[in-house]
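*Asks:* Below you'll find upload-v4.pdb; it's PDB, C-alpha atoms, pLDDT in the B column.
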ATOM      1  CA  MET A  22      85.437 121.189  68.414  1.00 72.00           C
ATOM      2  CA  THR A  23      81.755 120.778  67.724  1.00 81.00           C
ATOM      3  CA  ALA A  24      79.230 119.264  70.102  1.00 77.00           C
ATOM      4  CA  GLU A  25      79.022 116.174  67.904  1.00 77.00           C
ATOM      5  CA  ASP A  26      82.801 115.724  68.007  1.00 74.00           C
ATOM      6  CA  ARG A  27      82.751 116.009  71.801  1.00 75.00           C
ATOM      7  CA  THR A  28      79.973 113.404  72.002  1.00 76.00           C
ATOM      8  CA  ILE A  29      81.960 111.044  69.792  1.00 75.00           C
ATOM      9  CA  GLN A  30      85.066 111.599  71.919  1.00 79.00           C
ATOM     10  CA  ARG A  31      83.128 110.811  75.108  1.00 75.00           C
ATOM     11  CA  ASP A  32      81.549 107.770  73.494  1.00 79.00           C
ATOM     12  CA  ARG A  33      84.998 106.460  72.575  1.00 81.00           C
ATOM     13  CA  MET A  34      85.899 106.556  76.277  1.00 79.00           C
ATOM     14  CA  ARG A  35      83.681 103.500  76.740  1.00 81.00           C
ATOM     15  CA  PHE A  36      86.044 101.481  74.552  1.00 87.00           C
ATOM     16  CA  ILE A  37      89.519 102.949  75.045  1.00 89.00           C
ATOM     17  CA  LYS A  38      91.708 102.914  78.138  1.00 92.00           C
ATOM     18  CA  ASN A  39      92.666 105.936  80.232  1.00 90.00           C
ATOM     19  CA  SER A  40      96.332 105.639  79.328  1.00 93.00           C
ATOM     20  CA  LEU A  41      97.320 109.161  80.446  1.00 95.00           C
ATOM     21  CA  SER A  42      96.375 108.497  84.080  1.00 96.00           C
ATOM     22  CA  SER A  43      97.915 105.060  83.979  1.00 97.00           C
ATOM     23  CA  ASN A  44     101.206 106.311  82.522  1.00 97.00           C
ATOM     24  CA  LEU A  45     101.405 109.116  85.080  1.00 98.00           C
ATOM     25  CA  ALA A  46     101.016 106.543  87.852  1.00 98.00           C
ATOM     26  CA  TYR A  47     103.856 104.518  86.302  1.00 98.00           C
ATOM     27  CA  LEU A  48     105.964 107.684  86.222  1.00 98.00           C
ATOM     28  CA  GLY A  49     105.213 108.172  89.927  1.00 98.00           C
ATOM     29  CA  ILE A  50     106.505 104.648  90.538  1.00 98.00           C
ATOM     30  CA  LEU A  51     109.646 105.364  88.507  1.00 98.00           C
ATOM     31  CA  PHE A  52     110.567 108.432  90.558  1.00 98.00           C
ATOM     32  CA  ASP A  53     109.924 106.542  93.785  1.00 98.00           C
ATOM     33  CA  VAL A  54     112.325 103.871  92.543  1.00 97.00           C
ATOM     34  CA  PHE A  55     114.943 106.573  91.844  1.00 98.00           C
ATOM     35  CA  TYR A  56     114.424 107.817  95.400  1.00 97.00           C
ATOM     36  CA  PHE A  57     114.791 104.514  97.184  1.00 94.00           C
ATOM     37  CA  VAL A  58     117.694 103.254  95.074  1.00 95.00           C
ATOM     38  CA  ASN A  59     119.560 106.468  95.859  1.00 95.00           C
ATOM     39  CA  LEU A  60     118.711 106.143  99.543  1.00 92.00           C
ATOM     40  CA  TYR A  61     119.506 102.461  99.941  1.00 88.00           C
ATOM     41  CA  GLN A  62     122.858 102.697  98.203  1.00 88.00           C
ATOM     42  CA  SER A  63     124.010 105.232 100.796  1.00 82.00           C
ATOM     43  CA  ASP A  64     126.477 103.797 103.257  1.00 74.00           C
ATOM     44  CA  VAL A  65     127.542 106.305 105.868  1.00 74.00           C
ATOM     45  CA  GLY A  66     128.530 104.573 109.055  1.00 70.00           C
ATOM     46  CA  THR A  67     125.643 102.933 110.858  1.00 77.00           C
ATOM     47  CA  TYR A  68     123.189 105.832 110.575  1.00 81.00           C
ATOM     48  CA  TYR A  69     120.773 103.970 108.331  1.00 81.00           C
ATOM     49  CA  TYR A  70     120.822 100.753 110.374  1.00 84.00           C
ATOM     50  CA  ASN A  71     117.585 101.356 112.263  1.00 87.00           C
ATOM     51  CA  TYR A  72     113.883 100.593 112.236  1.00 91.00           C
ATOM     52  CA  LEU A  73     113.069 103.551 109.917  1.00 90.00           C
ATOM     53  CA  ILE A  74     114.845 101.888 107.027  1.00 90.00           C
ATOM     54  CA  GLY A  75     112.914  98.675 107.685  1.00 92.00           C
ATOM     55  CA  ILE A  76     109.645 100.604 107.687  1.00 94.00           C
ATOM     56  CA  SER A  77     110.765 102.428 104.547  1.00 94.00           C
ATOM     57  CA  ILE A  78     111.449  99.144 102.744  1.00 94.00           C
ATOM     58  CA  VAL A  79     108.040  97.745 103.690  1.00 96.00           C
ATOM     59  CA  TYR A  80     106.363 101.020 102.710  1.00 96.00           C
ATOM     60  CA  ASN A  81     108.082 100.973  99.313  1.00 96.00           C
ATOM     61  CA  LEU A  82     106.803  97.458  98.661  1.00 97.00           C
ATOM     62  CA  VAL A  83     103.270  98.497  99.612  1.00 97.00           C
ATOM     63  CA  PHE A  84     103.658 101.688  97.549  1.00 97.00           C
ATOM     64  CA  LEU A  85     104.710  99.756  94.456  1.00 97.00           C
ATOM     65  CA  LEU A  86     101.821  97.319  94.768  1.00 98.00           C
ATOM     66  CA  ALA A  87      99.200  99.982  95.545  1.00 98.00           C
ATOM     67  CA  VAL A  88     100.239 102.342  92.766  1.00 98.00           C
ATOM     68  CA  PHE A  89     100.486  99.530  90.218  1.00 98.00           C
ATOM     69  CA  LEU A  90      97.005  98.372  91.214  1.00 97.00           C
ATOM     70  CA  SER A  91      95.789 101.969  91.002  1.00 97.00           C
ATOM     71  CA  SER A  92      97.335 102.387  87.555  1.00 97.00           C
ATOM     72  CA  GLU A  93      95.298  99.432  86.355  1.00 96.00           C
ATOM     73  CA  GLY A  94      92.197 100.838  88.053  1.00 96.00           C
ATOM     74  CA  VAL A  95      92.501 104.308  86.546  1.00 96.00           C
ATOM     75  CA  LYS A  96      93.185 102.755  83.178  1.00 95.00           C
ATOM     76  CA  ASN A  97      89.640 101.358  83.391  1.00 93.00           C
ATOM     77  CA  TYR A  98      88.044 104.597  84.678  1.00 92.00           C
ATOM     78  CA  LYS A  99      87.523 103.495  88.292  1.00 94.00           C
ATOM     79  CA  LYS A 100      86.975 106.654  90.338  1.00 95.00           C
ATOM     80  CA  GLY A 101      87.872 105.091  93.691  1.00 95.00           C
ATOM     81  CA  TYR A 102      91.499 104.742  92.655  1.00 97.00           C
ATOM     82  CA  SER A 103      91.743 108.519  92.296  1.00 97.00           C
ATOM     83  CA  TYR A 104      91.225 108.849  96.049  1.00 97.00           C
ATOM     84  CA  LEU A 105      93.887 106.219  96.735  1.00 97.00           C
ATOM     85  CA  LEU A 106      96.347 108.024  94.454  1.00 98.00           C
ATOM     86  CA  PHE A 107      95.671 111.330  96.267  1.00 97.00           C
ATOM     87  CA  VAL A 108      96.438 109.708  99.629  1.00 98.00           C
ATOM     88  CA  ILE A 109      99.612 108.102  98.331  1.00 98.00           C
ATOM     89  CA  ALA A 110     100.711 111.427  96.793  1.00 98.00           C
ATOM     90  CA  ALA A 111     100.246 113.116 100.180  1.00 98.00           C
ATOM     91  CA  VAL A 112     102.277 110.390 101.892  1.00 98.00           C
ATOM     92  CA  GLN A 113     105.074 110.935  99.350  1.00 98.00           C
ATOM     93  CA  ILE A 114     105.273 114.574 100.464  1.00 98.00           C
ATOM     94  CA  VAL A 115     105.258 113.569 104.143  1.00 97.00           C
ATOM     95  CA  ARG A 116     108.153 111.172 103.466  1.00 96.00           C
ATOM     96  CA  ILE A 117     110.408 114.148 102.703  1.00 96.00           C
ATOM     97  CA  PHE A 118     110.280 115.116 106.377  1.00 95.00           C
ATOM     98  CA  ILE A 119     111.167 111.663 107.682  1.00 94.00           C
ATOM     99  CA  ILE A 120     114.373 110.127 106.301  1.00 92.00           C
ATOM    100  CA  PRO A 121     115.788 112.776 103.920  1.00 94.00           C
ATOM    101  CA  MET A 122     115.262 115.695 106.307  1.00 93.00           C
ATOM    102  CA  GLY A 123     116.659 113.745 109.261  1.00 90.00           C
ATOM    103  CA  ALA A 124     119.665 112.411 107.377  1.00 89.00           C
ATOM    104  CA  HIS A 125     120.453 115.807 105.831  1.00 89.00           C
ATOM    105  CA  GLY A 126     120.969 117.375 109.232  1.00 84.00           C
ATOM    106  CA  ALA A 127     122.826 114.436 110.793  1.00 86.00           C
ATOM    107  CA  ALA A 128     126.469 113.464 111.018  1.00 83.00           C
ATOM    108  CA  ALA A 129     127.895 109.981 111.442  1.00 79.00           C
ATOM    109  CA  ILE A 130     131.265 108.637 112.469  1.00 75.00           C
ATOM    110  CA  ASN A 131     132.850 106.708 109.614  1.00 71.00           C
ATOM    111  CA  ASN A 132     136.386 105.335 110.031  1.00 74.00           C
ATOM    112  CA  GLY A 133     136.931 107.616 113.001  1.00 75.00           C
ATOM    113  CA  GLU A 134     135.934 110.765 111.116  1.00 76.00           C
ATOM    114  CA  SER A 135     132.707 112.702 111.318  1.00 78.00           C
ATOM    115  CA  ALA A 136     130.901 112.957 107.986  1.00 77.00           C
ATOM    116  CA  ALA A 137     127.540 114.319 106.890  1.00 82.00           C
ATOM    117  CA  VAL A 138     125.073 111.472 106.399  1.00 86.00           C
ATOM    118  CA  MET A 139     123.440 113.122 103.390  1.00 89.00           C
ATOM    119  CA  GLN A 140     125.105 115.808 101.292  1.00 90.00           C
ATOM    120  CA  ASP A 141     123.113 118.672  99.756  1.00 93.00           C
ATOM    121  CA  GLY A 142     123.115 117.158  96.266  1.00 94.00           C
ATOM    122  CA  GLN A 143     121.709 113.835  97.435  1.00 94.00           C
ATOM    123  CA  PHE A 144     119.141 115.603  99.612  1.00 96.00           C
ATOM    124  CA  PHE A 145     117.870 117.767  96.759  1.00 97.00           C
ATOM    125  CA  TRP A 146     117.752 114.756  94.427  1.00 97.00           C
ATOM    126  CA  GLN A 147     115.715 112.744  96.926  1.00 97.00           C
ATOM    127  CA  VAL A 148     113.326 115.620  97.608  1.00 97.00           C
ATOM    128  CA  ALA A 149     112.917 116.193  93.860  1.00 98.00           C
ATOM    129  CA  CYS A 150     112.171 112.495  93.284  1.00 98.00           C
ATOM    130  CA  LEU A 151     109.528 112.418  96.017  1.00 98.00           C
ATOM    131  CA  VAL A 152     107.923 115.675  94.858  1.00 98.00           C
ATOM    132  CA  ILE A 153     107.850 114.597  91.206  1.00 98.00           C
ATOM    133  CA  SER A 154     106.403 111.235  92.232  1.00 98.00           C
ATOM    134  CA  ALA A 155     103.695 112.961  94.278  1.00 98.00           C
ATOM    135  CA  VAL A 156     102.863 115.413  91.488  1.00 98.00           C
ATOM    136  CA  CYS A 157     102.579 112.602  88.921  1.00 98.00           C
ATOM    137  CA  LEU A 158     100.264 110.638  91.230  1.00 98.00           C
ATOM    138  CA  ALA A 159      98.117 113.694  91.982  1.00 98.00           C
ATOM    139  CA  ILE A 160      97.791 114.633  88.304  1.00 98.00           C
ATOM    140  CA  SER A 161      96.946 111.016  87.492  1.00 98.00           C
ATOM    141  CA  ALA A 162      94.202 111.125  90.113  1.00 98.00           C
ATOM    142  CA  VAL A 163      92.793 114.463  88.872  1.00 98.00           C
ATOM    143  CA  VAL A 164      92.773 113.371  85.222  1.00 97.00           C
ATOM    144  CA  ASN A 165      91.063 110.111  86.128  1.00 96.00           C
ATOM    145  CA  PHE A 166      88.495 111.871  88.309  1.00 96.00           C
ATOM    146  CA  ILE A 167      87.605 114.324  85.532  1.00 94.00           C
ATOM    147  CA  ARG A 168      87.410 111.622  82.899  1.00 92.00           C
ATOM    148  CA  CYS A 169      85.303 109.374  85.143  1.00 93.00           C
ATOM    149  CA  ASN A 170      82.829 112.210  85.677  1.00 92.00           C
ATOM    150  CA  GLU A 171      82.679 112.876  81.932  1.00 90.00           C
ATOM    151  CA  LEU A 172      82.099 109.201  81.187  1.00 89.00           C
ATOM    152  CA  GLU A 173      79.417 108.895  83.872  1.00 89.00           C
ATOM    153  CA  ALA A 174      77.606 111.948  82.497  1.00 87.00           C
ATOM    154  CA  HIS A 175      77.823 110.565  78.976  1.00 85.00           C
ATOM    155  CA  LEU A 176      76.480 107.170  80.055  1.00 84.00           C
ATOM    156  CA  LYS A 177      73.550 108.898  81.772  1.00 87.00           C
ATOM    157  CA  THR A 178      72.686 110.712  78.556  1.00 83.00           C
ATOM    158  CA  LEU A 179      72.806 107.393  76.707  1.00 80.00           C
ATOM    159  CA  ASP A 180      70.452 105.852  79.284  1.00 75.00           C
ATOM    160  CA  THR A 181      67.961 108.699  78.947  1.00 78.00           C
ATOM    161  CA  GLN A 182      68.099 108.572  75.158  1.00 74.00           C
ATOM    162  CA  GLY A 183      67.505 104.819  75.148  1.00 64.00           C
ATOM    163  CA  ALA A 184      64.542 104.989  77.556  1.00 52.00           C
TER     164      ALA A 184
END
Re-express the file's structure as C-alpha coordinates.
*Replies:*
Amino acid sequence: MTAEDRTIQRDRMRFIKNSLSSNLAYLGILFDVFYFVNLYQSDVGTYYYNYLIGISIVYNLVFLLAVFLSSEGVKNYKKGYSYLLFVIAAVQIVRIFIIPMGAHGAAAINNGESAAVMQDGQFFWQVACLVISAVCLAISAVVNFIRCNELEAHLKTLDTQGA
(Lines of atoms letter the chains of each structure in order from A and count residues from 1; the text may use other names and numbers.)
(Lines give C-alpha, C1' and ligand atoms only; values in the text may rest on other atoms or scores of the structure.)
Protein backbone atom coordinates (compact mmCIF):
# COMPACT_ATOMS: atom_id res chain seq x y z
CA MET A 1 0.00 0.00 0.00
CA THR A 2 1.43 3.34 -0.99
CA ALA A 3 1.49 6.44 1.19
CA GLU A 4 -1.19 8.01 -1.00
CA ASP A 5 -3.45 4.97 -0.58
CA ARG A 6 -3.00 5.13 3.20
CA THR A 7 -3.87 8.84 3.19
CA ILE A 8 -7.01 8.15 1.17
CA GLN A 9 -7.96 5.33 3.54
CA ARG A 10 -7.53 7.61 6.57
CA ASP A 11 -9.47 10.38 4.85
CA ARG A 12 -12.36 7.99 4.23
CA MET A 13 -12.54 7.41 8.00
CA ARG A 14 -14.07 10.88 8.30
CA PHE A 15 -17.10 9.70 6.33
CA ILE A 16 -17.52 6.00 7.10
CA LYS A 17 -18.49 4.33 10.36
CA ASN A 18 -16.24 2.14 12.50
CA SER A 19 -18.36 -0.94 11.90
CA LEU A 20 -15.74 -3.48 13.07
CA SER A 21 -15.67 -2.08 16.62
CA SER A 22 -19.42 -1.71 16.67
CA ASN A 23 -20.04 -5.28 15.48
CA LEU A 24 -17.58 -6.67 18.03
CA ALA A 25 -19.48 -4.87 20.78
CA TYR A 26 -22.72 -6.42 19.48
CA LEU A 27 -21.02 -9.83 19.55
CA GLY A 28 -20.05 -9.17 23.18
CA ILE A 29 -23.72 -8.49 23.92
CA LEU A 30 -24.75 -11.70 22.15
CA PHE A 31 -22.45 -13.89 24.25
CA ASP A 32 -23.61 -12.17 27.42
CA VAL A 33 -27.18 -13.00 26.41
CA PHE A 34 -26.17 -16.66 25.90
CA TYR A 35 -24.66 -16.59 29.40
CA PHE A 36 -27.62 -15.14 31.23
CA VAL A 37 -30.25 -17.17 29.38
CA ASN A 38 -28.35 -20.33 30.29
CA LEU A 39 -28.03 -19.18 33.89
CA TYR A 40 -31.60 -18.01 34.38
CA GLN A 41 -33.14 -21.14 32.93
CA SER A 42 -31.39 -23.23 35.59
CA ASP A 43 -33.74 -24.48 38.25
CA VAL A 44 -31.96 -26.47 40.92
CA GLY A 45 -33.80 -26.25 44.19
CA THR A 46 -33.71 -22.82 45.77
CA TYR A 47 -29.99 -22.16 45.26
CA TYR A 48 -30.52 -19.29 42.84
CA TYR A 49 -33.23 -17.59 44.90
CA ASN A 50 -31.02 -14.97 46.51
CA TYR A 51 -29.84 -11.39 46.19
CA LEU A 52 -26.99 -12.31 43.79
CA ILE A 53 -29.45 -13.22 41.07
CA GLY A 54 -31.25 -9.90 41.59
CA ILE A 55 -27.95 -8.04 41.31
CA SER A 56 -27.08 -10.12 38.25
CA ILE A 57 -30.35 -9.20 36.54
CA VAL A 58 -29.83 -5.50 37.21
CA TYR A 59 -26.21 -5.74 36.07
CA ASN A 60 -27.26 -7.43 32.83
CA LEU A 61 -29.71 -4.62 32.10
CA VAL A 62 -27.01 -2.02 32.75
CA PHE A 63 -24.54 -4.08 30.70
CA LEU A 64 -26.88 -4.24 27.72
CA LEU A 65 -27.55 -0.51 27.81
CA ALA A 66 -23.90 0.49 28.35
CA VAL A 67 -22.51 -1.78 25.65
CA PHE A 68 -25.19 -0.76 23.15
CA LEU A 69 -24.42 2.89 23.86
CA SER A 70 -20.71 2.14 23.52
CA SER A 71 -21.28 0.36 20.21
CA GLU A 72 -22.89 3.51 18.87
CA GLY A 73 -20.05 5.61 20.30
CA VAL A 74 -17.27 3.52 18.79
CA LYS A 75 -19.11 3.47 15.50
CA ASN A 76 -18.56 7.25 15.44
CA TYR A 77 -14.90 7.10 16.56
CA LYS A 78 -15.42 8.34 20.13
CA LYS A 79 -12.31 7.38 22.10
CA GLY A 80 -13.95 7.61 25.52
CA TYR A 81 -16.10 4.58 24.79
CA SER A 82 -12.96 2.46 24.43
CA TYR A 83 -12.24 3.00 28.12
CA LEU A 84 -15.80 2.06 29.04
CA LEU A 85 -15.57 -1.12 26.96
CA PHE A 86 -12.28 -2.06 28.68
CA VAL A 87 -13.90 -1.69 32.11
CA ILE A 88 -16.93 -3.72 31.09
CA ALA A 89 -14.67 -6.43 29.62
CA ALA A 90 -12.81 -6.64 32.94
CA VAL A 91 -16.10 -6.93 34.84
CA GLN A 92 -17.13 -9.79 32.53
CA ILE A 93 -14.02 -11.70 33.63
CA VAL A 94 -14.71 -10.94 37.30
CA ARG A 95 -18.25 -12.29 36.89
CA ILE A 96 -16.83 -15.77 36.29
CA PHE A 97 -15.75 -15.90 39.93
CA ILE A 98 -19.12 -14.86 41.33
CA ILE A 99 -22.10 -16.96 40.24
CA PRO A 100 -20.62 -19.66 37.96
CA MET A 101 -17.72 -20.50 40.27
CA GLY A 102 -19.96 -20.54 43.34
CA ALA A 103 -22.69 -22.60 41.72
CA HIS A 104 -20.21 -25.07 40.22
CA GLY A 105 -18.95 -26.07 43.64
CA ALA A 106 -22.34 -26.11 45.37
CA ALA A 107 -24.98 -28.76 45.91
CA ALA A 108 -28.68 -28.23 46.47
CA ILE A 109 -31.47 -30.41 47.79
CA ASN A 110 -34.07 -31.01 45.09
CA ASN A 111 -36.99 -33.36 45.81
CA GLY A 112 -35.14 -34.76 48.79
CA GLU A 113 -32.00 -35.60 46.81
CA SER A 114 -28.71 -33.75 46.73
CA ALA A 115 -27.76 -32.55 43.25
CA ALA A 116 -24.96 -30.39 41.87
CA VAL A 117 -26.24 -26.87 41.20
CA MET A 118 -24.14 -26.49 38.06
CA GLN A 119 -22.74 -29.40 36.08
CA ASP A 120 -19.34 -29.21 34.36
CA GLY A 121 -20.82 -28.69 30.90
CA GLN A 122 -22.95 -25.75 31.97
CA PHE A 123 -20.04 -24.26 33.92
CA PHE A 124 -17.67 -24.43 30.95
CA TRP A 125 -20.34 -22.99 28.64
CA GLN A 126 -20.95 -20.05 30.98
CA VAL A 127 -17.24 -19.37 31.44
CA ALA A 128 -16.72 -19.56 27.67
CA CYS A 129 -19.59 -17.11 27.06
CA LEU A 130 -18.21 -14.60 29.57
CA VAL A 131 -14.65 -14.91 28.25
CA ILE A 132 -15.72 -14.56 24.62
CA SER A 133 -17.87 -11.57 25.55
CA ALA A 134 -14.94 -9.95 27.35
CA VAL A 135 -12.53 -10.64 24.48
CA CYS A 136 -14.95 -9.17 21.92
CA LEU A 137 -15.40 -6.03 24.05
CA ALA A 138 -11.65 -5.64 24.60
CA ILE A 139 -10.85 -6.08 20.90
CA SER A 140 -13.60 -3.60 20.05
CA ALA A 141 -12.02 -1.11 22.43
CA VAL A 142 -8.49 -1.63 21.05
CA VAL A 143 -9.60 -1.32 17.42
CA ASN A 144 -11.54 1.85 18.21
CA PHE A 145 -8.64 3.34 20.16
CA ILE A 146 -6.20 2.70 17.30
CA ARG A 147 -8.58 4.03 14.68
CA CYS A 148 -9.37 7.12 16.76
CA ASN A 149 -5.66 7.89 17.06
CA GLU A 150 -5.19 7.43 13.31
CA LEU A 151 -8.13 9.72 12.55
CA GLU A 152 -6.93 12.37 15.01
CA ALA A 153 -3.45 12.32 13.47
CA HIS A 154 -4.93 12.58 9.99
CA LEU A 155 -7.16 15.51 10.98
CA LYS A 156 -4.13 17.30 12.43
CA THR A 157 -2.28 16.92 9.14
CA LEU A 158 -5.31 18.35 7.34
CA ASP A 159 -5.35 21.33 9.72
CA THR A 160 -1.66 22.04 9.16
CA GLN A 161 -2.03 21.73 5.40
CA GLY A 162 -4.99 24.11 5.37
CA ALA A 163 -3.25 26.75 7.52
*Asks:* Would you please work out which residue, of A:Tyr98, A:Tyr68, A:Phe144, A:Phe166, is nearest to Met34 (chain A) when using all atoms listed in the file?
*Replies:*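 With all atoms listed in the file as the atom set, the closest residue is A:Tyr98.
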*Asks:* Given the choices A:Gln113, A:Asn97, A:Ser92, A:Thr23, which gets closest to Ser77 (chain A) if the distance is worked out from only C-alpha atoms?
*Replies:*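 Ranked by minimum distance to Ser77 (chain A), first place goes to A:Gln113.
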*Asks:* Starting from the displayed file, determine the output of the PyMOL selection byres ((chain A and resi 91) around 8) and express the residue list as a VMD selection string.
*Replies:* chain A and resid 43 46 87 to 90 92 to 95 102 to 103 105 to 106
*Asks:* If you keep C-alpha atoms, can you produce a file of those selected residues as a short mmCIF file (atom, residue, chain, number, x, y, z; two decimals), in the coordinates of the input?
*Replies:*
data_model
loop_
_atom_site.label_atom_id
_atom_site.label_comp_id
_atom_site.auth_asym_id
_atom_site.auth_seq_id
_atom_site.Cartn_x
_atom_site.Cartn_y
_atom_site.Cartn_z
CA SER A 43 97.92 105.06 83.98
CA ALA A 46 101.02 106.54 87.85
CA ALA A 87 99.20 99.98 95.54
CA VAL A 88 100.24 102.34 92.77
CA PHE A 89 100.49 99.53 90.22
CA LEU A 90 97.00 98.37 91.21
CA SER A 92 97.34 102.39 87.56
CA GLU A 93 95.30 99.43 86.36
CA GLY A 94 92.20 100.84 88.05
CA VAL A 95 92.50 104.31 86.55
CA TYR A 102 91.50 104.74 92.66
CA SER A 103 91.74 108.52 92.30
CA LEU A 105 93.89 106.22 96.74
CA LEU A 106 96.35 108.02 94.45
#
*Asks:* Pick from A:Leu179, A:Gly101, A:Lys96, A:Gly123: nearest to Asn44 (chain A), with only C-alpha atoms counted?
*Replies:*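 Closest residue, counting only C-alpha atoms: A:Lys96.
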*Asks:* Between CA of Ile109 (chain A) and CA of Leu48 (chain A), what is the distance, to one decimal in Å?
*Replies:*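 Separating CA of Ile109 (chain A) from CA of Leu48 (chain A) is a distance of 13.7 Å.
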*Asks:* Mind pulling up the distance from CA of Tyr61 (chain A) to CA of Phe145 (chain A)?
*Replies:*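 Between CA of Phe145 (chain A) and CA of Tyr61 (chain A) the gap works out to 15.7 Å.
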*Asks:* CA of Ile37 (chain A) and CA of Ala110 (chain A), how far apart in Å?
*Replies:*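 CA of Ile37 (chain A) lies at a distance of 25.9 Å from CA of Ala110 (chain A).
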